[in-house]
>>> print(open('final12.cif').read())   # mmCIF, C-alpha atoms and all ligand atoms
data_query
#
loop_
_atom_site.label_atom_id
_atom_site.label_comp_id
_atom_site.auth_asym_id
_atom_site.auth_seq_id
_atom_site.Cartn_x
_atom_site.Cartn_y
_atom_site.Cartn_z
CA MET A 1 -36.20 -4.80 -16.39
CA ILE A 2 -38.17 -2.26 -14.38
CA SER A 3 -39.71 -3.64 -11.18
CA LEU A 4 -43.19 -2.37 -10.38
CA LYS A 5 -44.18 -2.19 -6.73
CA THR A 6 -47.58 -3.12 -5.38
CA GLY A 7 -49.29 -3.39 -1.96
CA ARG A 8 -46.74 -4.71 0.47
CA ASP A 9 -43.73 -3.49 -1.54
CA ILE A 10 -45.05 0.05 -1.33
CA GLU A 11 -45.80 -0.18 2.38
CA LEU A 12 -42.27 -1.38 3.10
CA MET A 13 -40.75 1.25 0.82
CA ARG A 14 -42.67 3.90 2.75
CA GLN A 15 -41.18 2.56 5.97
CA ALA A 16 -37.68 2.42 4.52
CA GLY A 17 -38.20 5.92 3.15
CA MET A 18 -39.33 7.30 6.51
CA ILE A 19 -36.20 6.00 8.23
CA THR A 20 -34.03 7.38 5.43
CA ALA A 21 -35.66 10.80 5.49
CA ALA A 22 -35.46 11.00 9.28
CA ALA A 23 -31.75 10.19 9.03
CA ARG A 24 -31.31 13.02 6.51
CA ALA A 25 -33.09 15.41 8.87
CA LEU A 26 -30.91 14.30 11.79
CA ALA A 27 -27.78 14.82 9.70
CA GLY A 28 -29.01 18.20 8.54
CA GLU A 29 -29.49 19.37 12.11
CA MET A 30 -25.86 18.49 12.80
CA VAL A 31 -24.57 20.71 9.99
CA LYS A 32 -22.95 23.44 12.09
CA PRO A 33 -19.48 24.99 12.21
CA GLY A 34 -17.07 22.79 14.19
CA VAL A 35 -18.87 19.47 13.66
CA SER A 36 -16.76 16.76 12.01
CA THR A 37 -18.17 14.81 9.11
CA LYS A 38 -17.37 11.53 10.84
CA ALA A 39 -19.57 12.57 13.78
CA ILE A 40 -22.46 12.95 11.35
CA ASP A 41 -21.67 9.58 9.79
CA ARG A 42 -21.65 7.93 13.21
CA ALA A 43 -24.97 9.51 14.22
CA VAL A 44 -26.63 8.50 10.94
CA HIS A 45 -25.26 4.97 11.17
CA ASP A 46 -26.52 4.54 14.73
CA PHE A 47 -29.92 6.05 13.93
CA ILE A 48 -30.46 3.69 10.99
CA VAL A 49 -29.38 0.62 12.95
CA GLU A 50 -31.51 1.59 15.96
CA HIS A 51 -34.51 1.65 13.63
CA GLY A 52 -33.90 -1.92 12.50
CA ALA A 53 -32.45 -0.96 9.12
CA THR A 54 -28.98 -1.10 7.62
CA PRO A 55 -27.14 1.74 5.86
CA SER A 56 -27.52 1.12 2.12
CA PHE A 57 -24.22 2.77 1.20
CA LEU A 58 -21.93 1.06 3.74
CA ASN A 59 -19.71 -1.35 1.76
CA TYR A 60 -21.70 -0.70 -1.43
CA ASN A 61 -19.04 -1.20 -4.13
CA GLY A 62 -16.58 -0.78 -1.27
CA TYR A 63 -17.90 2.60 -0.09
CA PRO A 64 -16.56 2.95 3.48
CA ALA A 65 -19.31 4.93 5.30
CA SER A 66 -23.05 5.17 5.94
CA VAL A 67 -23.54 8.61 4.47
CA CYS A 68 -21.94 10.71 1.72
CA ILE A 69 -20.98 14.22 2.87
CA SER A 70 -19.89 16.54 0.08
CA ILE A 71 -18.77 20.06 0.95
CA ASN A 72 -18.69 23.13 -1.36
CA GLU A 73 -17.02 22.11 -4.65
CA GLN A 74 -17.59 18.45 -3.81
CA VAL A 75 -20.60 17.25 -5.81
CA ILE A 76 -21.38 13.80 -4.38
CA HIS A 77 -19.79 10.76 -2.71
CA GLY A 78 -17.64 12.72 -0.23
CA ILE A 79 -16.31 10.32 2.40
CA PRO A 80 -16.82 11.36 6.05
CA GLY A 81 -13.66 11.84 8.10
CA SER A 82 -11.90 14.26 10.41
CA ARG A 83 -12.78 17.37 8.36
CA ARG A 84 -14.82 19.86 10.33
CA ILE A 85 -17.60 21.96 8.86
CA LYS A 86 -16.81 25.68 8.70
CA GLU A 87 -19.01 28.77 8.71
CA GLY A 88 -20.08 29.39 5.11
CA ASP A 89 -19.82 25.79 3.94
CA ILE A 90 -22.60 24.15 1.99
CA VAL A 91 -22.87 20.51 2.97
CA SER A 92 -24.60 17.91 0.83
CA ILE A 93 -25.79 14.91 2.80
CA ASP A 94 -26.83 11.76 0.95
CA VAL A 95 -28.22 8.81 2.89
CA GLY A 96 -29.75 5.43 2.12
CA ALA A 97 -31.40 2.87 4.41
CA PHE A 98 -32.34 -0.74 3.69
CA TYR A 99 -35.34 -1.97 5.66
CA LYS A 100 -37.17 -5.31 5.35
CA GLY A 101 -35.80 -5.81 1.85
CA TYR A 102 -36.26 -2.31 0.43
CA HIS A 103 -34.11 0.78 0.04
CA GLY A 104 -34.81 4.46 0.62
CA ASP A 105 -32.43 7.06 -0.82
CA CYS A 106 -32.45 10.83 -0.30
CA ALA A 107 -30.17 13.83 -0.13
CA ALA A 108 -30.18 17.55 0.57
CA THR A 109 -27.69 20.38 0.77
CA PHE A 110 -27.55 22.21 4.11
CA ILE A 111 -25.97 25.59 4.82
CA ALA A 112 -23.60 26.17 7.75
CA GLY A 113 -24.03 29.70 9.04
CA TYR A 114 -23.85 32.63 6.64
CA VAL A 115 -23.34 32.13 2.90
CA ASP A 116 -23.55 34.73 0.15
CA SER A 117 -26.73 35.08 -1.83
CA GLU A 118 -25.49 33.38 -5.02
CA ILE A 119 -24.60 30.21 -3.11
CA ARG A 120 -27.91 30.35 -1.27
CA LYS A 121 -29.60 30.61 -4.65
CA LEU A 122 -27.69 27.54 -5.86
CA VAL A 123 -29.03 25.51 -2.93
CA GLU A 124 -32.59 26.78 -3.43
CA VAL A 125 -32.59 26.23 -7.21
CA THR A 126 -31.25 22.69 -6.75
CA ARG A 127 -34.03 21.82 -4.33
CA GLN A 128 -36.69 23.48 -6.46
CA SER A 129 -35.42 21.71 -9.59
CA PHE A 130 -36.40 18.42 -7.94
CA PHE A 131 -39.94 19.74 -7.47
CA GLU A 132 -40.02 21.01 -11.07
CA GLY A 133 -39.14 17.47 -12.19
CA LEU A 134 -41.67 15.99 -9.77
CA LYS A 135 -44.50 17.82 -11.55
CA PHE A 136 -43.89 15.48 -14.49
CA ALA A 137 -43.55 12.30 -12.40
CA ARG A 138 -46.96 11.03 -13.46
CA ALA A 139 -48.21 7.93 -15.22
CA GLY A 140 -48.38 8.50 -18.98
CA ASN A 141 -45.45 10.91 -19.01
CA ARG A 142 -41.94 9.74 -19.80
CA VAL A 143 -38.67 9.84 -17.86
CA PRO A 144 -37.23 12.54 -20.17
CA ASP A 145 -40.15 14.81 -19.25
CA ILE A 146 -38.75 14.81 -15.70
CA SER A 147 -35.20 15.28 -17.03
CA HIS A 148 -36.21 18.19 -19.24
CA ALA A 149 -38.06 19.99 -16.44
CA ILE A 150 -35.04 19.74 -14.14
CA GLN A 151 -32.50 20.80 -16.76
CA SER A 152 -34.47 23.73 -18.10
CA TYR A 153 -35.20 25.12 -14.62
CA VAL A 154 -31.54 24.83 -13.60
CA GLU A 155 -30.19 26.38 -16.81
CA LYS A 156 -32.79 29.17 -16.77
CA ASN A 157 -31.32 30.10 -13.40
CA GLY A 158 -27.78 30.22 -14.78
CA PHE A 159 -26.45 26.96 -13.31
CA SER A 160 -25.56 23.61 -14.88
CA VAL A 161 -26.53 19.99 -14.30
CA VAL A 162 -23.97 17.22 -13.84
CA ARG A 163 -23.98 14.70 -16.71
CA GLN A 164 -21.89 11.78 -15.45
CA PHE A 165 -24.23 10.80 -12.60
CA VAL A 166 -27.98 10.27 -12.79
CA GLY A 167 -31.03 9.36 -10.74
CA HIS A 168 -32.31 5.81 -10.86
CA GLY A 169 -35.00 3.28 -10.16
CA ILE A 170 -34.88 1.96 -6.58
CA GLY A 171 -36.47 -0.85 -4.59
CA GLN A 172 -35.04 -4.18 -3.53
CA LYS A 173 -31.81 -2.90 -5.06
CA LEU A 174 -30.37 0.56 -4.47
CA HIS A 175 -29.93 1.12 -8.19
CA GLU A 176 -32.57 -0.29 -10.50
CA GLU A 177 -33.73 0.61 -13.98
CA PRO A 178 -34.53 3.07 -15.38
CA GLU A 179 -31.86 5.75 -15.27
CA VAL A 180 -33.30 9.18 -14.48
CA PRO A 181 -30.90 11.76 -15.96
CA ASN A 182 -31.11 15.41 -14.99
CA PHE A 183 -30.69 16.37 -18.64
CA VAL A 184 -32.19 15.31 -21.93
CA VAL A 185 -30.31 12.59 -23.77
CA PRO A 186 -31.10 10.73 -26.95
CA GLY A 187 -32.09 7.17 -26.12
CA PRO A 188 -34.91 5.26 -24.49
CA ARG A 189 -37.91 7.35 -23.47
CA VAL A 190 -39.25 5.16 -20.69
CA ARG A 191 -42.94 5.65 -20.02
CA LEU A 192 -43.94 6.15 -16.38
CA VAL A 193 -46.45 3.71 -14.94
CA PRO A 194 -48.00 3.33 -11.47
CA GLY A 195 -45.79 1.30 -9.15
CA MET A 196 -42.46 2.63 -10.41
CA THR A 197 -40.20 3.93 -7.68
CA LEU A 198 -37.56 6.44 -8.73
CA ALA A 199 -34.77 8.28 -6.95
CA ILE A 200 -34.85 11.70 -8.61
CA GLU A 201 -31.65 13.52 -7.74
CA PRO A 202 -30.49 16.73 -9.40
CA MET A 203 -26.79 17.55 -8.93
CA VAL A 204 -26.32 21.21 -9.81
CA ASN A 205 -23.09 23.16 -10.36
CA MET A 206 -22.76 26.91 -10.02
CA GLY A 207 -20.18 26.95 -12.84
CA GLY A 208 -19.58 24.40 -15.58
CA SER A 209 -21.01 20.89 -15.59
CA SER A 210 -17.59 19.14 -15.73
CA ILE A 211 -16.54 17.01 -12.80
CA ARG A 212 -13.58 14.87 -11.80
CA ILE A 213 -12.98 12.22 -9.17
CA LEU A 214 -10.40 12.65 -6.40
CA GLU A 215 -7.59 10.20 -5.61
CA ASP A 216 -9.74 8.50 -2.98
CA GLY A 217 -11.67 6.99 -5.89
CA TRP A 218 -15.01 8.36 -4.64
CA THR A 219 -15.23 12.09 -4.08
CA VAL A 220 -16.70 13.83 -7.12
CA VAL A 221 -15.69 17.51 -7.39
CA THR A 222 -16.39 20.25 -9.90
CA GLU A 223 -13.62 20.73 -12.44
CA ASP A 224 -13.72 24.52 -11.99
CA GLY A 225 -13.76 24.37 -8.18
CA LYS A 226 -17.06 26.22 -7.95
CA PRO A 227 -19.74 25.01 -5.52
CA SER A 228 -22.28 22.28 -6.23
CA ALA A 229 -25.53 21.21 -4.56
CA HIS A 230 -27.63 18.03 -4.50
CA TYR A 231 -31.21 17.20 -3.64
CA GLU A 232 -32.92 13.81 -3.83
CA ASN A 233 -36.04 11.96 -2.83
CA THR A 234 -37.39 8.48 -3.48
CA VAL A 235 -40.68 8.89 -5.36
CA LEU A 236 -43.57 6.51 -6.15
CA ILE A 237 -45.43 6.92 -9.44
CA THR A 238 -49.17 6.47 -8.85
CA ASP A 239 -52.27 6.88 -10.96
CA GLY A 240 -52.50 10.42 -9.56
CA GLU A 241 -50.08 12.64 -7.66
CA PRO A 242 -46.55 11.28 -7.19
CA MET A 243 -45.81 10.27 -3.62
CA ILE A 244 -42.54 11.25 -1.95
CA LEU A 245 -41.46 8.20 0.05
CA THR A 246 -38.70 10.17 1.84
CA PRO A 247 -40.90 13.03 3.01
CA LEU A 248 -39.16 14.52 6.04
CA ASP A 249 -37.25 17.25 4.33
CA GLY A 250 -35.22 18.48 7.29
CA ASP A 251 -33.94 21.14 4.98
CA GLY A 252 -33.27 23.70 7.68
CA GLY A 253 -30.83 25.66 5.56
CA PHE A 254 -33.07 28.67 5.09
CA GLU A 255 -33.96 29.59 8.65
N1 LIG B 301 -27.57 8.56 -3.70
C1 LIG B 301 -26.38 7.97 -4.26
C2 LIG B 301 -26.79 7.18 -5.45
O1 LIG B 301 -27.93 7.00 -5.64
C3 LIG B 301 -25.70 7.17 -3.25
C4 LIG B 301 -24.68 6.20 -3.70
S1 LIG B 301 -23.34 6.38 -2.70
C5 LIG B 301 -22.58 4.91 -2.59
O2 LIG B 301 -26.03 6.75 -6.26
F1 LIG B 301 -21.66 5.07 -1.80
F2 LIG B 301 -23.39 4.04 -2.14
F3 LIG B 301 -22.16 4.55 -3.80
CO CO B 302 -29.59 7.95 -5.41
#
>>> encode(input="final12.cif", output="structure tokens", more="lines below")
Ligand code: MF3
Ligand code: CO
Amino acid sequence: MISLKTGRDIELMRQAGMITAAARALAGEMVKPGVSTKAIDRAVHDFIVEHGATPSFLNYNGYPASVCISINEQVIHGIPGSRRIKEGDIVSIDVGAFYKGYHGDCAATFIAGYVDSEIRKLVEVTRQSFFEGLKFARAGNRVPDISHAIQSYVEKNGFSVVRQFVGHGIGQKLHEEPEVPNFVVPGPRVRLVPGMTLAIEPMVNMGGSSIRILEDGWTVVTEDGKPSAHYENTVLITDGEPMILTPLDGDGGFE
């Protein structure tokens, strides 16, 4: 069942989304050579709690941290720890906050120092692919219209989309129906209606789309070891323009 949000639901999802997006921006500012991933996790955790929310990911299916930090060939679900960011790393930060009964969920890939132009392009194409999908996030369209826009933009640029993980509905639960794949699949073609809230989240690999999961049971890495990037916002379908509920981009990677 797809839950449709009205009035107060939307107001609270905006508030949850603002906290989540501000946490992403805070984490993004910390992406610098020498900073440990656990320092970012701590800062995000404290920020979320100080704003009266709880980290959506902490203890979710046993996940042990408040943020996922995935570096270079890591796609998603990297667990923060003692690893320090190095010059030339690309660092995907994924954060969720639960506030007054509603979740926000967003991610971005940040660049530490200098990276070569192909990796920079990967990060830019990943972010832009979200906005290509967003153009179709309108009542009357269907979920696969979003999927198709993301996939075709990514592939036109010579990269590939991950198949095993998808975007999702979001609200009182972190993961709600419908699934929002970043690729076209046969199956249900869910029609978009006002009040749907979706986490649209392209995961883009520079090389092949295959992934595997590390021994820690969480960290998703590319099979070919090439870099991967991620970008995500929580989006409300309206009767007009889609509304990004996690609007503070904090995507300082290009300065
Ligand atoms: N943004 C990710 C998702 O929507 C976050 C899940 S991480 C987990 O699936 F740790 F909570 F599983
Ligand atoms: Co998500």
>>> closest_atom_pairs(input="final12.cif", of="chain A", to="ligand CO 302 (chain B)", cutoff="9 Å", atoms="only C-alpha atoms and all ligand atoms", output="JSON lines")
{"residue": "A:Asp94", "atom": "CA", "partner": "B:CO302", "partner_atom": "CO", "distance": 7.9}
{"residue": "A:Val95", "atom": "CA", "partner": "B:CO302", "partner_atom": "CO", "distance": 8.5}
{"residue": "A:Gly96", "atom": "CA", "partner": "B:CO302", "partner_atom": "CO", "distance": 7.9}
{"residue": "A:Gly104", "atom": "CA", "partner": "B:CO302", "partner_atom": "CO", "distance": 8.7}
{"residue": "A:Asp105", "atom": "CA", "partner": "B:CO302", "partner_atom": "CO", "distance": 5.5}
{"residue": "A:Cys106", "atom": "CA", "partner": "B:CO302", "partner_atom": "CO", "distance": 6.5}
{"residue": "A:Ala107", "atom": "CA", "partner": "B:CO302", "partner_atom": "CO", "distance": 7.9}
{"residue": "A:Val166", "atom": "CA", "partner": "B:CO302", "partner_atom": "CO", "distance": 7.9}
{"residue": "A:Gly167", "atom": "CA", "partner": "B:CO302", "partner_atom": "CO", "distance": 5.7}
{"residue": "A:His168", "atom": "CA", "partner": "B:CO302", "partner_atom": "CO", "distance": 6.5}
{"residue": "A:Gly169", "atom": "CA", "partner": "B:CO302", "partner_atom": "CO", "distance": 8.6}
{"residue": "A:Ile170", "atom": "CA", "partner": "B:CO302", "partner_atom": "CO", "distance": 8.1}
{"residue": "A:Leu174", "atom": "CA", "partner": "B:CO302", "partner_atom": "CO", "distance": 7.5}
{"residue": "A:His175", "atom": "CA", "partner": "B:CO302", "partner_atom": "CO", "distance": 7.4}
{"residue": "A:Leu198", "atom": "CA", "partner": "B:CO302", "partner_atom": "CO", "distance": 8.8}
{"residue": "A:Ala199", "atom": "CA", "partner": "B:CO302", "partner_atom": "CO", "distance": 5.4}
{"residue": "A:Ile200", "atom": "CA", "partner": "B:CO302", "partner_atom": "CO", "distance": 7.2}
{"residue": "A:Glu201", "atom": "CA", "partner": "B:CO302", "partner_atom": "CO", "distance": 6.4}
{"residue": "A:Glu232", "atom": "CA", "partner": "B:CO302", "partner_atom": "CO", "distance": 6.9}
{"residue": "A:Asn233", "atom": "CA", "partner": "B:CO302", "partner_atom": "CO", "distance": 8.0}
{"residue": "A:Thr234", "atom": "CA", "partner": "B:CO302", "partner_atom": "CO", "distance": 8.1}
>>> atom_distance(input="final12.cif", atom1="atom CA of A:Ser36", atom2="atom CA of A:Ala21")
20.9 Å
>>> residues_around(input="final12.cif", residues="A:Leu214", least_positions_apart="2", cutoff="12 Å", atoms="all atoms listed in the file", output="list in words")
Glu73, Gln74, Val75, Ile76, His77, Gly78, Ile79, Ile211, Arg212, Asp216, Gly217, Trp218, Thr219, Val220, Val221, Thr222 and Glu223 of chain A
>>> residues_near_point(input="final12.cif", point="(-33.8, 17.7, -15.0)", cutoff="12 Å", atoms="only C-alpha atoms", output="PyMOL selection string")
chain A and resi 125-137+143-156+159-163+166-167+180-185+200-204+231-232
>>> axis_aligned_box(input="final12.cif", around="ligand LIG 301 (chain B)", padding_each_side="5 Å", output="AutoDock Vina command-line options")
--center_x -24.8 --center_y 6.3 --center_z -4.0 --size_x 16.3 --size_y 14.5 --size_z 14.5
>>> closest_residue(input="final12.cif", among="A:Tyr99, A:Phe110, A:Phe47, A:Tyr63", to="ligand LIG 301 (chain B)", atoms="all atoms listed in the file")
A:Tyr63
>>> atom_distance(input="final12.cif", atom1="atom CA of A:Lys173", atom2="atom CA of A:Gly101")
8.5 Å
>>> closest_residue(input="final12.cif", among="A:Pro227, A:Gly17, A:Gly28, A:Gly140", to="A:Ile69", atoms="only C-alpha atoms")
A:Gly28
>>> closest_residue(input="final12.cif", among="A:Leu192, A:Leu4, A:Val35, A:Leu236", to="A:Ala112", atoms="only C-alpha atoms")
A:Val35
>>> closest_residue(input="final12.cif", among="A:Gly225, A:Pro188, A:Gly171, A:Gly158", to="ligand LIG 301 (chain B)", atoms="only C-alpha atoms and all ligand atoms")
A:Gly171
>>> residues_around(input="final12.cif", residues="A:Thr6", least_positions_apart="3", cutoff="10 Å", atoms="only C-alpha atoms", output="short mmCIF file (atom, residue, chain, number, x, y, z; two decimals) with C-alpha atoms, in the coordinates of the input")
data_model
loop_
_atom_site.label_atom_id
_atom_site.label_comp_id
_atom_site.auth_asym_id
_atom_site.auth_seq_id
_atom_site.Cartn_x
_atom_site.Cartn_y
_atom_site.Cartn_z
CA SER A 3 -39.71 -3.64 -11.18
CA ASP A 9 -43.73 -3.49 -1.54
CA ILE A 10 -45.05 0.05 -1.33
CA GLU A 11 -45.80 -0.18 2.38
CA PRO A 194 -48.00 3.33 -11.47
CA GLY A 195 -45.79 1.30 -9.15
CA MET A 196 -42.46 2.63 -10.41
#
>>> closest_residue(input="final12.cif", among="A:Ile90, A:Met13, A:Val235, A:Ala65", to="A:Tyr114", atoms="only C-alpha atoms")
A:Ile90
>>> closest_residue(input="final12.cif", among="A:Ala139, A:Ala39, A:Ile213, A:Met30", to="A:Glu241", atoms="all atoms listed in the file")
A:Ala139
>>> atom_distance(input="final12.cif", atom1="atom CA of A:Ser210", atom2="atom CA of A:His230")
15.1 Å
>>> decode(input="final12.cif", residues="stretch 88-99 of chain A", atoms="all heavy atoms", output="PDB file, in the first residue's frame")
ATOM      1  N   GLY A  88      41.876  13.125  -2.811  1.00  0.00           N
ATOM      2  CA  GLY A  88      41.497  12.376  -4.005  1.00  0.00           C
ATOM      3  C   GLY A  88      40.389  11.360  -3.795  1.00  0.00           C
ATOM      4  O   GLY A  88      39.939  10.732  -4.754  1.00  0.00           O
ATOM      5  N   ASP A  89      39.937  11.201  -2.557  1.00  0.00           N
ATOM      6  CA  ASP A  89      38.801  10.305  -2.306  1.00  0.00           C
ATOM      7  C   ASP A  89      37.492  10.965  -2.747  1.00  0.00           C
ATOM      8  O   ASP A  89      37.342  12.192  -2.637  1.00  0.00           O
ATOM      9  CB  ASP A  89      38.671   9.992  -0.804  1.00  0.00           C
ATOM     10  CG  ASP A  89      39.681   8.960  -0.316  1.00  0.00           C
ATOM     11  OD1 ASP A  89      40.303   8.269  -1.156  1.00  0.00           O
ATOM     12  OD2 ASP A  89      39.839   8.854   0.922  1.00  0.00           O
ATOM     13  N   ILE A  90      36.565  10.143  -3.198  1.00  0.00           N
ATOM     14  CA  ILE A  90      35.178  10.622  -3.285  1.00  0.00           C
ATOM     15  C   ILE A  90      34.389   9.898  -2.193  1.00  0.00           C
ATOM     16  O   ILE A  90      34.550   8.695  -1.982  1.00  0.00           O
ATOM     17  CB  ILE A  90      34.548  10.456  -4.679  1.00  0.00           C
ATOM     18  CG1 ILE A  90      34.512   9.012  -5.147  1.00  0.00           C
ATOM     19  CG2 ILE A  90      35.266  11.344  -5.688  1.00  0.00           C
ATOM     20  CD1 ILE A  90      33.618   8.799  -6.371  1.00  0.00           C
ATOM     21  N   VAL A  91      33.587  10.680  -1.482  1.00  0.00           N
ATOM     22  CA  VAL A  91      32.998  10.212  -0.228  1.00  0.00           C
ATOM     23  C   VAL A  91      31.483  10.394  -0.288  1.00  0.00           C
ATOM     24  O   VAL A  91      30.970  11.509  -0.279  1.00  0.00           O
ATOM     25  CB  VAL A  91      33.587  11.014   0.958  1.00  0.00           C
ATOM     26  CG1 VAL A  91      33.002  10.527   2.278  1.00  0.00           C
ATOM     27  CG2 VAL A  91      35.109  10.925   0.967  1.00  0.00           C
ATOM     28  N   SER A  92      30.775   9.268  -0.368  1.00  0.00           N
ATOM     29  CA  SER A  92      29.313   9.332  -0.399  1.00  0.00           C
ATOM     30  C   SER A  92      28.776   9.281   1.027  1.00  0.00           C
ATOM     31  O   SER A  92      29.109   8.380   1.801  1.00  0.00           O
ATOM     32  CB  SER A  92      28.744   8.167  -1.206  1.00  0.00           C
ATOM     33  OG  SER A  92      29.199   8.223  -2.538  1.00  0.00           O
ATOM     34  N   ILE A  93      27.972  10.277   1.328  1.00  0.00           N
ATOM     35  CA  ILE A  93      27.378  10.415   2.658  1.00  0.00           C
ATOM     36  C   ILE A  93      25.878  10.213   2.516  1.00  0.00           C
ATOM     37  O   ILE A  93      25.237  10.897   1.720  1.00  0.00           O
ATOM     38  CB  ILE A  93      27.596  11.849   3.202  1.00  0.00           C
ATOM     39  CG1 ILE A  93      29.081  12.228   3.209  1.00  0.00           C
ATOM     40  CG2 ILE A  93      26.891  12.036   4.529  1.00  0.00           C
ATOM     41  CD1 ILE A  93      29.820  11.896   4.447  1.00  0.00           C
ATOM     42  N   ASP A  94      25.324   9.290   3.276  1.00  0.00           N
ATOM     43  CA  ASP A  94      23.881   9.027   3.241  1.00  0.00           C
ATOM     44  C   ASP A  94      23.366   9.165   4.660  1.00  0.00           C
ATOM     45  O   ASP A  94      23.915   8.560   5.590  1.00  0.00           O
ATOM     46  CB  ASP A  94      23.659   7.609   2.700  1.00  0.00           C
ATOM     47  CG  ASP A  94      22.202   7.305   2.376  1.00  0.00           C
ATOM     48  OD1 ASP A  94      21.308   8.084   2.755  1.00  0.00           O
ATOM     49  OD2 ASP A  94      21.964   6.249   1.746  1.00  0.00           O
ATOM     50  N   VAL A  95      22.326   9.995   4.842  1.00  0.00           N
ATOM     51  CA  VAL A  95      21.840  10.251   6.200  1.00  0.00           C
ATOM     52  C   VAL A  95      20.316  10.247   6.229  1.00  0.00           C
ATOM     53  O   VAL A  95      19.663  10.637   5.259  1.00  0.00           O
ATOM     54  CB  VAL A  95      22.448  11.570   6.756  1.00  0.00           C
ATOM     55  CG1 VAL A  95      22.146  12.748   5.871  1.00  0.00           C
ATOM     56  CG2 VAL A  95      22.002  11.834   8.182  1.00  0.00           C
ATOM     57  N   GLY A  96      19.772   9.771   7.332  1.00  0.00           N
ATOM     58  CA  GLY A  96      18.328   9.798   7.543  1.00  0.00           C
ATOM     59  C   GLY A  96      18.031  10.300   8.950  1.00  0.00           C
ATOM     60  O   GLY A  96      18.768   9.994   9.882  1.00  0.00           O
ATOM     61  N   ALA A  97      16.951  11.081   9.071  1.00  0.00           N
ATOM     62  CA  ALA A  97      16.525  11.540  10.405  1.00  0.00           C
ATOM     63  C   ALA A  97      15.022  11.316  10.560  1.00  0.00           C
ATOM     64  O   ALA A  97      14.251  11.518   9.609  1.00  0.00           O
ATOM     65  CB  ALA A  97      16.870  13.010  10.607  1.00  0.00           C
ATOM     66  N   PHE A  98      14.645  10.913  11.760  1.00  0.00           N
ATOM     67  CA  PHE A  98      13.251  10.611  12.094  1.00  0.00           C
ATOM     68  C   PHE A  98      12.788  11.678  13.074  1.00  0.00           C
ATOM     69  O   PHE A  98      13.360  11.837  14.156  1.00  0.00           O
ATOM     70  CB  PHE A  98      13.199   9.228  12.731  1.00  0.00           C
ATOM     71  CG  PHE A  98      11.830   8.746  13.098  1.00  0.00           C
ATOM     72  CD1 PHE A  98      10.881   8.471  12.118  1.00  0.00           C
ATOM     73  CD2 PHE A  98      11.496   8.531  14.435  1.00  0.00           C
ATOM     74  CE1 PHE A  98       9.617   7.985  12.462  1.00  0.00           C
ATOM     75  CE2 PHE A  98      10.240   8.055  14.788  1.00  0.00           C
ATOM     76  CZ  PHE A  98       9.298   7.782  13.799  1.00  0.00           C
ATOM     77  N   TYR A  99      11.773  12.444  12.681  1.00  0.00           N
ATOM     78  CA  TYR A  99      11.341  13.592  13.481  1.00  0.00           C
ATOM     79  C   TYR A  99       9.817  13.605  13.572  1.00  0.00           C
ATOM     80  O   TYR A  99       9.128  13.616  12.535  1.00  0.00           O
ATOM     81  CB  TYR A  99      11.847  14.885  12.836  1.00  0.00           C
ATOM     82  CG  TYR A  99      11.521  16.138  13.592  1.00  0.00           C
ATOM     83  CD1 TYR A  99      12.125  16.415  14.823  1.00  0.00           C
ATOM     84  CD2 TYR A  99      10.617  17.063  13.071  1.00  0.00           C
ATOM     85  CE1 TYR A  99      11.828  17.579  15.516  1.00  0.00           C
ATOM     86  CE2 TYR A  99      10.315  18.231  13.761  1.00  0.00           C
ATOM     87  CZ  TYR A  99      10.924  18.475  14.983  1.00  0.00           C
ATOM     88  OH  TYR A  99      10.635  19.634  15.672  1.00  0.00           O
TER      89      TYR A  99
END
